[in-house]
$ cat protein.txt   # compact mmCIF, C-alpha atoms (C1' of nucleotides)
# COMPACT_ATOMS: atom_id res chain seq x y z
CA MET A 1 -4.04 17.70 31.68
CA LYS A 2 -0.66 19.01 32.55
CA ARG A 3 0.34 21.50 29.92
CA VAL A 4 3.78 22.36 31.28
CA SER A 5 4.47 25.67 29.63
CA PRO A 6 7.98 26.33 28.53
CA PRO A 7 9.43 29.69 29.69
CA ASN A 8 8.65 31.49 26.48
CA ASP A 9 5.83 29.65 24.85
CA LEU A 10 5.98 29.05 21.16
CA PRO A 11 2.40 29.04 19.95
CA ALA A 12 2.70 27.97 16.38
CA LYS A 13 6.25 26.82 16.16
CA ASN A 14 7.09 26.51 12.56
CA PRO A 15 9.12 23.42 11.78
CA GLU A 16 7.64 23.11 8.35
CA CYS A 17 7.82 24.70 4.97
CA SER A 18 8.79 28.34 5.06
CA PRO A 19 5.86 30.69 4.67
CA GLY A 20 5.01 31.45 1.10
CA ASP A 21 7.22 28.86 -0.48
CA HIS A 22 4.14 27.01 -1.59
CA GLY A 23 0.42 27.52 -1.27
CA PRO A 24 -1.53 30.23 0.53
CA SER A 25 -0.22 31.73 3.75
CA ALA A 26 -1.51 30.76 7.16
CA VAL A 27 -2.90 34.24 7.58
CA GLU A 28 -4.87 33.99 4.37
CA LEU A 29 -6.20 30.60 5.40
CA ARG A 30 -7.11 31.68 8.91
CA ALA A 31 -9.28 34.40 7.51
CA GLN A 32 -11.43 31.79 5.87
CA ILE A 33 -12.63 29.92 8.93
CA ASP A 34 -15.54 30.96 11.07
CA GLU A 35 -14.79 29.42 14.42
CA HIS A 36 -18.20 30.07 15.84
CA SER A 37 -20.11 28.48 13.00
CA CYS A 38 -17.79 25.52 13.12
CA ARG A 39 -18.46 25.00 16.78
CA LEU A 40 -22.24 25.15 16.31
CA ALA A 41 -22.18 22.89 13.27
CA ALA A 42 -19.93 20.43 15.08
CA GLY A 43 -22.42 20.32 17.94
CA ILE A 44 -25.18 19.35 15.56
CA PHE A 45 -23.06 16.78 13.77
CA ARG A 46 -21.90 15.24 17.02
CA ALA A 47 -25.52 14.83 18.07
CA LEU A 48 -26.19 13.05 14.76
CA GLY A 49 -23.08 10.96 15.17
CA ASP A 50 -24.49 7.97 16.98
CA PRO A 51 -26.25 4.99 15.40
CA ALA A 52 -29.00 4.84 18.00
CA ARG A 53 -29.75 8.52 17.61
CA MET A 54 -29.70 8.23 13.82
CA GLN A 55 -32.21 5.39 13.93
CA LEU A 56 -34.41 7.48 16.15
CA LEU A 57 -34.15 10.39 13.75
CA THR A 58 -34.97 8.35 10.68
CA LEU A 59 -38.18 7.39 12.46
CA LEU A 60 -38.96 11.01 13.21
CA ALA A 61 -38.12 11.96 9.64
CA ARG A 62 -41.28 10.17 8.60
CA GLN A 63 -43.67 11.07 11.36
CA GLU A 64 -44.11 12.69 14.69
CA LEU A 65 -43.97 10.08 17.46
CA CYS A 66 -44.27 9.91 21.23
CA VAL A 67 -41.50 8.56 23.42
CA SER A 68 -43.13 5.21 24.07
CA GLU A 69 -43.68 4.61 20.37
CA ILE A 70 -40.03 5.31 19.72
CA ALA A 71 -38.86 3.09 22.58
CA SER A 72 -41.07 0.31 21.37
CA ALA A 73 -39.95 0.65 17.76
CA LEU A 74 -36.30 0.67 18.70
CA GLN A 75 -36.79 -2.01 21.35
CA ASP A 76 -35.07 0.08 23.93
CA SER A 77 -35.85 1.38 27.40
CA LEU A 78 -37.82 4.55 28.00
CA PRO A 79 -35.00 6.27 29.92
CA ALA A 80 -32.49 5.49 27.20
CA VAL A 81 -34.72 6.99 24.52
CA SER A 82 -35.54 9.93 26.71
CA GLN A 83 -31.84 10.68 27.22
CA ARG A 84 -31.22 10.63 23.50
CA LEU A 85 -34.13 12.94 22.88
CA LYS A 86 -32.86 15.30 25.53
CA LEU A 87 -29.50 15.50 23.81
CA LEU A 88 -31.13 16.05 20.42
CA ARG A 89 -33.34 18.73 21.93
CA SER A 90 -30.33 20.50 23.40
CA GLU A 91 -28.97 20.87 19.86
CA ARG A 92 -32.35 21.97 18.56
CA ILE A 93 -32.58 18.95 16.31
CA VAL A 94 -35.97 17.83 17.55
CA THR A 95 -38.93 19.63 19.06
CA GLN A 96 -41.29 18.59 21.80
CA ARG A 97 -45.04 18.93 22.03
CA ARG A 98 -47.11 17.69 24.92
CA GLU A 99 -50.53 16.26 24.36
CA GLY A 100 -52.12 14.86 27.48
CA LYS A 101 -49.97 12.09 28.83
CA HIS A 102 -47.89 11.87 25.72
CA ILE A 103 -45.03 13.99 24.52
CA TYR A 104 -44.63 14.00 20.79
CA TYR A 105 -41.31 14.62 19.13
CA ALA A 106 -40.58 15.75 15.60
CA LEU A 107 -37.61 17.00 13.63
CA ALA A 108 -37.05 20.67 14.31
CA ASP A 109 -37.08 21.86 10.71
CA GLN A 110 -36.64 21.03 7.08
CA HIS A 111 -32.96 21.88 7.17
CA ILE A 112 -32.30 19.16 9.71
CA ALA A 113 -34.40 16.71 7.74
CA GLU A 114 -32.24 17.34 4.69
CA LEU A 115 -29.03 17.00 6.64
CA ILE A 116 -30.15 13.59 7.85
CA ALA A 117 -31.37 12.53 4.43
CA ASN A 118 -28.07 13.54 2.87
CA GLY A 119 -26.08 11.68 5.47
CA ILE A 120 -28.05 8.51 4.90
CA ALA A 121 -27.84 8.94 1.15
CA HIS A 122 -24.10 9.35 1.28
CA ALA A 123 -23.75 6.33 3.53
CA SER A 124 -25.91 4.19 1.26
CA GLU A 125 -23.89 5.28 -1.72
CA HIS A 126 -20.70 4.05 -0.11
CA PHE A 127 -22.48 0.97 1.12
CA ARG A 128 -21.15 -1.23 -1.68
CA ASP A 129 -17.44 -0.72 -1.11
CA ARG A 130 -17.47 -0.11 2.63
CA ARG A 131 -15.60 -2.20 5.16
CA ALA A 132 -16.32 -5.90 5.20
CA ASP A 133 -18.84 -6.20 7.97
CA ALA A 134 -21.06 -8.84 6.64
CA SER A 135 -23.25 -9.91 9.56
CA GLN A 136 -26.29 -7.91 8.76
CA PRO A 137 -29.93 -8.95 9.12
CA HIS A 138 -30.95 -6.63 6.38
CA ALA A 139 -34.37 -5.14 5.89
CA ALA A 140 -35.21 -5.02 2.24
CA GLY A 141 -36.53 -1.96 0.48
CA SER A 142 -35.46 1.65 0.12
CA PRO A 143 -32.02 2.78 1.24
CA LEU A 144 -33.53 4.48 4.23
CA MET B 1 -58.59 14.29 24.04
CA LYS B 2 -57.66 13.37 20.60
CA ARG B 3 -54.62 14.38 18.70
CA VAL B 4 -55.47 17.94 17.80
CA SER B 5 -53.49 18.17 14.61
CA PRO B 6 -51.85 15.06 13.33
CA PRO B 7 -48.74 16.36 11.65
CA ASN B 8 -48.80 13.79 8.93
CA ASP B 9 -51.52 11.71 7.49
CA LEU B 10 -51.43 9.55 10.54
CA PRO B 11 -54.57 7.62 11.24
CA ALA B 12 -56.27 9.25 14.19
CA LYS B 13 -56.36 6.60 16.82
CA ASN B 14 -57.09 5.80 20.37
CA PRO B 15 -54.82 7.98 22.51
CA GLU B 16 -54.18 5.31 25.12
CA CYS B 17 -50.74 3.91 25.05
CA SER B 18 -50.68 0.20 25.45
CA PRO B 19 -48.04 -1.32 23.29
CA GLY B 20 -49.05 -0.75 19.73
CA ASP B 21 -52.60 0.36 20.24
CA HIS B 22 -52.14 3.84 18.83
CA GLY B 23 -50.15 5.17 15.98
CA PRO B 24 -48.13 2.86 13.82
CA SER B 25 -47.11 -0.39 15.42
CA ALA B 26 -43.59 -1.06 16.52
CA VAL B 27 -43.31 -3.62 13.79
CA GLU B 28 -44.38 -1.12 11.15
CA LEU B 29 -41.91 1.43 12.46
CA ARG B 30 -39.06 -1.02 12.71
CA ALA B 31 -39.48 -1.87 9.07
CA GLN B 32 -38.65 1.74 8.24
CA ILE B 33 -35.17 1.88 9.68
CA ASP B 34 -32.10 0.66 7.93
CA GLU B 35 -29.72 -0.10 10.72
CA HIS B 36 -26.73 -0.42 8.47
CA SER B 37 -27.17 2.94 6.77
CA CYS B 38 -27.75 4.56 10.12
CA ARG B 39 -24.51 3.16 11.41
CA LEU B 40 -22.55 4.38 8.42
CA ALA B 41 -24.16 7.80 8.43
CA ALA B 42 -23.55 8.11 12.16
CA GLY B 43 -19.89 7.33 11.59
CA ILE B 44 -19.62 10.18 9.13
CA PHE B 45 -21.52 12.58 11.36
CA ARG B 46 -19.44 11.68 14.37
CA ALA B 47 -16.30 12.45 12.41
CA LEU B 48 -17.77 15.86 11.54
CA GLY B 49 -18.83 16.39 15.13
CA ASP B 50 -15.77 18.14 16.50
CA PRO B 51 -14.99 21.86 16.20
CA ALA B 52 -11.33 21.33 15.36
CA ARG B 53 -12.17 18.86 12.62
CA MET B 54 -14.87 21.14 11.25
CA GLN B 55 -12.42 24.02 11.04
CA LEU B 56 -10.01 21.77 9.23
CA LEU B 57 -12.72 20.72 6.82
CA THR B 58 -13.86 24.25 6.08
CA LEU B 59 -10.30 24.92 4.99
CA LEU B 60 -10.27 21.88 2.75
CA ALA B 61 -13.67 22.84 1.38
CA ARG B 62 -11.93 25.71 -0.39
CA GLN B 63 -8.68 24.17 -1.49
CA GLU B 64 -6.44 21.21 -1.32
CA LEU B 65 -3.77 21.69 1.36
CA CYS B 66 -0.80 19.85 2.80
CA VAL B 67 -0.56 18.95 6.47
CA SER B 68 1.85 21.72 7.42
CA GLU B 69 -0.30 24.35 5.81
CA ILE B 70 -3.28 23.11 7.78
CA ALA B 71 -1.34 22.96 11.05
CA SER B 72 -0.03 26.44 10.50
CA ALA B 73 -3.45 27.84 9.60
CA LEU B 74 -5.07 26.27 12.64
CA GLN B 75 -2.10 27.06 14.87
CA ASP B 76 -1.94 23.51 16.04
CA SER B 77 0.72 20.83 16.19
CA LEU B 78 1.52 18.57 13.30
CA PRO B 79 0.65 15.37 15.19
CA ALA B 80 -2.68 16.77 16.28
CA VAL B 81 -3.61 17.67 12.73
CA SER B 82 -2.34 14.38 11.44
CA GLN B 83 -4.48 12.46 13.91
CA ARG B 84 -7.56 14.37 12.84
CA LEU B 85 -6.83 13.71 9.21
CA LYS B 86 -6.38 10.04 9.94
CA LEU B 87 -9.79 9.88 11.55
CA LEU B 88 -11.39 11.77 8.67
CA ARG B 89 -9.65 9.46 6.22
CA SER B 90 -10.99 6.41 8.04
CA GLU B 91 -14.50 7.68 7.35
CA ARG B 92 -13.62 8.47 3.74
CA ILE B 93 -14.27 12.15 4.30
CA VAL B 94 -10.90 13.28 2.97
CA THR B 95 -8.44 11.87 0.48
CA GLN B 96 -4.67 11.85 0.50
CA ARG B 97 -2.23 12.53 -2.31
CA ARG B 98 1.52 12.51 -1.95
CA GLU B 99 3.65 14.95 -3.89
CA GLY B 100 7.32 14.77 -3.02
CA LYS B 101 7.74 15.54 0.65
CA HIS B 102 4.25 16.87 0.98
CA ILE B 103 0.98 15.06 1.45
CA TYR B 104 -2.01 16.95 0.17
CA TYR B 105 -5.48 16.46 1.52
CA ALA B 106 -8.83 17.29 -0.02
CA LEU B 107 -12.47 16.57 0.60
CA ALA B 108 -13.39 13.14 -0.72
CA ASP B 109 -16.32 14.23 -2.88
CA GLN B 110 -18.99 16.77 -3.59
CA HIS B 111 -21.49 15.01 -1.37
CA ILE B 112 -19.29 15.57 1.66
CA ALA B 113 -18.69 19.17 0.67
CA GLU B 114 -22.45 19.76 0.61
CA LEU B 115 -22.95 18.05 3.94
CA ILE B 116 -20.42 20.37 5.51
CA ALA B 117 -21.80 23.44 3.79
CA ASN B 118 -25.32 22.59 4.95
CA GLY B 119 -24.20 22.03 8.51
CA ILE B 120 -22.46 25.38 8.61
CA ALA B 121 -25.42 27.07 6.95
CA HIS B 122 -27.82 25.61 9.47
CA ALA B 123 -25.57 26.64 12.34
CA SER B 124 -25.24 30.19 11.05
CA GLU B 125 -28.98 30.39 10.61
CA HIS B 126 -29.60 29.51 14.23
CA PHE B 127 -26.87 31.86 15.27
CA ARG B 128 -28.89 34.83 14.03
CA ASP B 129 -32.02 34.09 16.03
CA ARG B 130 -30.94 32.24 19.08
CA ARG B 131 -33.92 32.64 21.33
CA ALA B 132 -35.97 29.84 22.82
CA ASP B 133 -37.93 29.05 19.72
CA ALA B 134 -41.62 28.34 20.04
CA SER B 135 -43.47 25.71 18.09
CA GLN B 136 -42.63 25.99 14.47
CA PRO B 137 -45.06 23.53 12.96
CA HIS B 138 -43.17 20.82 11.21
CA ALA B 139 -44.51 20.40 7.72
CA ALA B 140 -43.03 16.93 7.42
CA GLY B 141 -43.19 16.48 3.71
CA SER B 142 -41.00 13.46 4.05
CA PRO B 143 -37.79 14.02 2.13
CA LEU B 144 -36.57 10.64 3.27
C1' DT C 1 25.51 7.00 2.83
C1' DC C 2 23.81 10.42 6.26
C1' DA C 3 21.02 14.38 7.39
C1' DT C 4 16.89 16.58 7.10
C1' DC C 5 12.17 17.51 6.13
C1' DA C 6 7.25 16.26 6.19
C1' DC C 7 4.42 13.45 8.21
C1' DT C 8 2.68 9.37 10.91
C1' DT C 9 2.24 6.32 14.76
C1' DA C 10 2.60 4.87 19.75
C1' DA C 11 1.87 5.36 24.50
C1' DT C 12 -0.57 7.01 28.15
C1' DA C 13 -2.75 10.37 30.86
C1' DA C 14 -6.84 13.30 31.20
C1' DG C 15 -11.33 14.30 30.13
C1' DT C 16 -15.84 13.19 28.19
C1' DT C 17 -19.83 10.42 27.22
C1' DA C 18 -22.84 6.39 27.47
C1' DT C 19 -25.56 3.02 30.19
C1' DG C 20 -28.73 1.05 33.60
C1' DC C 21 -31.35 1.34 37.61
C1' DA C 22 -33.92 3.79 41.03
C1' DA C 23 -36.28 7.71 42.23
C1' DT C 24 -39.07 11.69 40.63
C1' DT C 25 -42.12 14.74 38.20
C1' DG C 26 -46.40 15.86 35.63
C1' DA C 27 -50.82 14.72 33.74
C1' DT C 28 -54.91 12.09 33.82
C1' DT C 29 -58.35 9.00 35.66
C1' DT C 30 -61.10 7.10 39.43
C1' DA D 1 -57.07 12.44 47.09
C1' DA D 2 -54.94 8.30 45.53
C1' DA D 3 -53.61 5.52 41.74
C1' DT D 4 -51.66 5.11 37.40
C1' DC D 5 -49.29 6.08 33.27
C1' DA D 6 -45.77 8.69 30.46
C1' DA D 7 -41.59 10.66 30.60
C1' DT D 8 -37.54 12.70 32.87
C1' DT D 9 -33.72 13.02 36.12
C1' DG D 10 -29.74 11.55 39.19
C1' DC D 11 -26.08 8.90 40.04
C1' DA D 12 -22.48 5.38 39.80
C1' DT D 13 -19.74 2.72 36.77
C1' DA D 14 -17.95 1.43 32.30
C1' DA D 15 -16.48 2.79 27.71
C1' DC D 16 -14.83 5.86 24.64
C1' DT D 17 -12.12 10.35 22.89
C1' DT D 18 -8.64 13.55 22.80
C1' DA D 19 -4.10 15.65 23.77
C1' DT D 20 0.73 15.41 24.19
C1' DT D 21 5.37 13.81 23.91
C1' DA D 22 8.47 10.94 21.86
C1' DA D 23 9.84 7.78 18.54
C1' DG D 24 9.41 5.99 13.80
C1' DT D 25 8.67 6.26 8.30
C1' DG D 26 9.52 7.60 3.86
C1' DA D 27 11.19 10.92 0.43
C1' DT D 28 14.78 14.15 -0.98
C1' DG D 29 19.23 15.93 -1.47
C1' DA D 30 24.14 16.78 -0.03
$ encode --input "protein.txt" --output "structure tokens"
Amino acid sequence: MKRVSPPNDLPAKNPECSPGDHGPSAVELRAQIDEHSCRLAAGIFRALGDPARMQLLTLLARQELCVSEIASALQDSLPAVSQRLKLLRSERIVTQRREGKHIYYALADQHIAELIANGIAHASEHFRDRRADASQPHAAGSPL
Amino acid sequence: MKRVSPPNDLPAKNPECSPGDHGPSAVELRAQIDEHSCRLAAGIFRALGDPARMQLLTLLARQELCVSEIASALQDSLPAVSQRLKLLRSERIVTQRREGKHIYYALADQHIAELIANGIAHASEHFRDRRADASQPHAAGSPL
DNA sequence: TCATCACTTAATAAGTTATGCAATTGATTT
DNA sequence: AAATCAATTGCATAACTTATTAAGTGATGA
């Protein structure tokens, strides 16, 4: 990217409302954000932010499974599933456990399980009035 | 070589891995995933999966703010902030409210607020002990 | 009306991420 | 040791995201 810096750079140029004329000041607000936590949390959320990975995780939410079982259940290739698991592992969302030829994966902890459950729950809640996207071979049963 | 400790009440089965000859069958597993919910949930998570957007959201988690206040607090340009808000709006994560010249944004609902809080909490938790974690046995009392 | 403020949208360039196939590693069986 | 099975890795190409500047809305007030 080219980022041509003007002679004297103006970091937060202030074209807007004068400070303090309404609401809390930028300084007050800045004190409230923890950049590091945000970055870590965003990493986790980004890893959860893909339909294929979410499907994989809803499987693991119920039981530990090996890679082939997952690939078979999702009707996808072994390398594709393996890549997803690698990404999830890098964010500490799933854990690995070898047993002979098989490598079993499970959700890393209860916290993650709840995060996923809440995401699904929220999505299901908004399911009724979401965007018209009607072509859905829909499995009956629980929202998950 | 049998499964030493089945994490759930999985039926102990033949460890060989021909399609569907151990563990739950692909058909059984497929019945457990709701593709539509996964897609919606993934959309929300993806929107949360960016550090800049998470910072923005942690601000909104505390108070309703107008675009300029956010831009000023994050020391970022108005267009950049506006684009992020547009994306978050498209996933129904934030809501808009005009008041004169200003447009105020807030988190869409309590559910979202909890999702964000949990993500940050989880991130902070792992921040404390960030060593290569060993096998923490996954109790898997299915919350889903 | 015209000017200005607060914000949004457009355009496009730069970077990032996903996908599919082939090759590879690691563990077990023969 | 060789063969086989389970899973991972590497790499090239395609698809998607994000940043940045400039132009465009809509509300307010002179």
$ residues_around --input "protein.txt" --residues "region 92-100 of chain B" --least-positions-apart "4" --cutoff "9 Å" --atoms "all atoms listed in the file" --output "list in words"
Ile44, Ala47, Leu48, Leu57, Leu60, Leu85, Lys86, Leu87, Leu88, Tyr104, Tyr105, Ala106, Leu107, Ala108, Asp109 and Ile112 of chain B; DA27 and DT28 of chain D
$ closest_residue --input "protein.txt" --among "D:DA3, D:DC16, D:DT8, D:DA30" --to "chain A" --atoms "only C-alpha atoms (C1' of nucleotides)"
D:DT8
$ closest_atom_pairs --input "protein.txt" --of "chain D" --to "region 10-28 of chain C" --cutoff "8 Å" --atoms "all atoms listed in the file" --output "JSON lines"
{"residue": "D:DT8", "atom": "C1'", "partner": "C:DT25", "partner_atom": "C1'", "distance": 7.3}
{"residue": "D:DT9", "atom": "C1'", "partner": "C:DT24", "partner_atom": "C1'", "distance": 7.1}
{"residue": "D:DA15", "atom": "C1'", "partner": "C:DA18", "partner_atom": "C1'", "distance": 7.3}
{"residue": "D:DC16", "atom": "C1'", "partner": "C:DT17", "partner_atom": "C1'", "distance": 7.2}
{"residue": "D:DT17", "atom": "C1'", "partner": "C:DT16", "partner_atom": "C1'", "distance": 7.1}
{"residue": "D:DT18", "atom": "C1'", "partner": "C:DG15", "partner_atom": "C1'", "distance": 7.8}
{"residue": "D:DA23", "atom": "C1'", "partner": "C:DA10", "partner_atom": "C1'", "distance": 7.9}
$ closest_residue --input "protein.txt" --among "B:Ala123, B:Ala113, B:Ala80, B:Met54" --to "chain D" --atoms "only C-alpha atoms (C1' of nucleotides)"
B:Ala80
$ interface_residues --input "protein.txt" --of "chain D" --to "chain B" --cutoff "9 Å" --atoms "only C-alpha atoms (C1' of nucleotides)" --output "count of residues only"
7
$ atom_distance --input "protein.txt" --atom1 "CA of Ile103 (chain B)" --atom2 "CA of Asp34 (chain A)"
24.9 Å
$ atom_distance --input "protein.txt" --atom1 "CA of Pro51 (chain B)" --atom2 "CA of Gly43 (chain A)"
7.8 Å
$ closest_residue --input "protein.txt" --among "B:Arg62, B:Arg39, B:Arg53, B:Arg84" --to "chain C" --atoms "only C-alpha atoms (C1' of nucleotides)"
B:Arg84
$ axis_aligned_box --input "protein.txt" --around "region 2-19 of chain C" --padding-each-side "5 Å" --output "lines of an AutoDock Vina configuration file"
center_x = -0.9
center_y = 10.3
center_z = 18.7
size_x = 59.4
size_y = 24.5
size_z = 35.1
$ atom_distance --input "protein.txt" --atom1 "CA of Val67 (chain A)" --atom2 "CA of Ser82 (chain A)"
6.9 Å
$ interface_residues --input "protein.txt" --of "chain C" --to "chain B" --cutoff "9 Å" --atoms "all atoms listed in the file" --output "list in words"
DC5, DA6, DC7 and DT8 of chain C
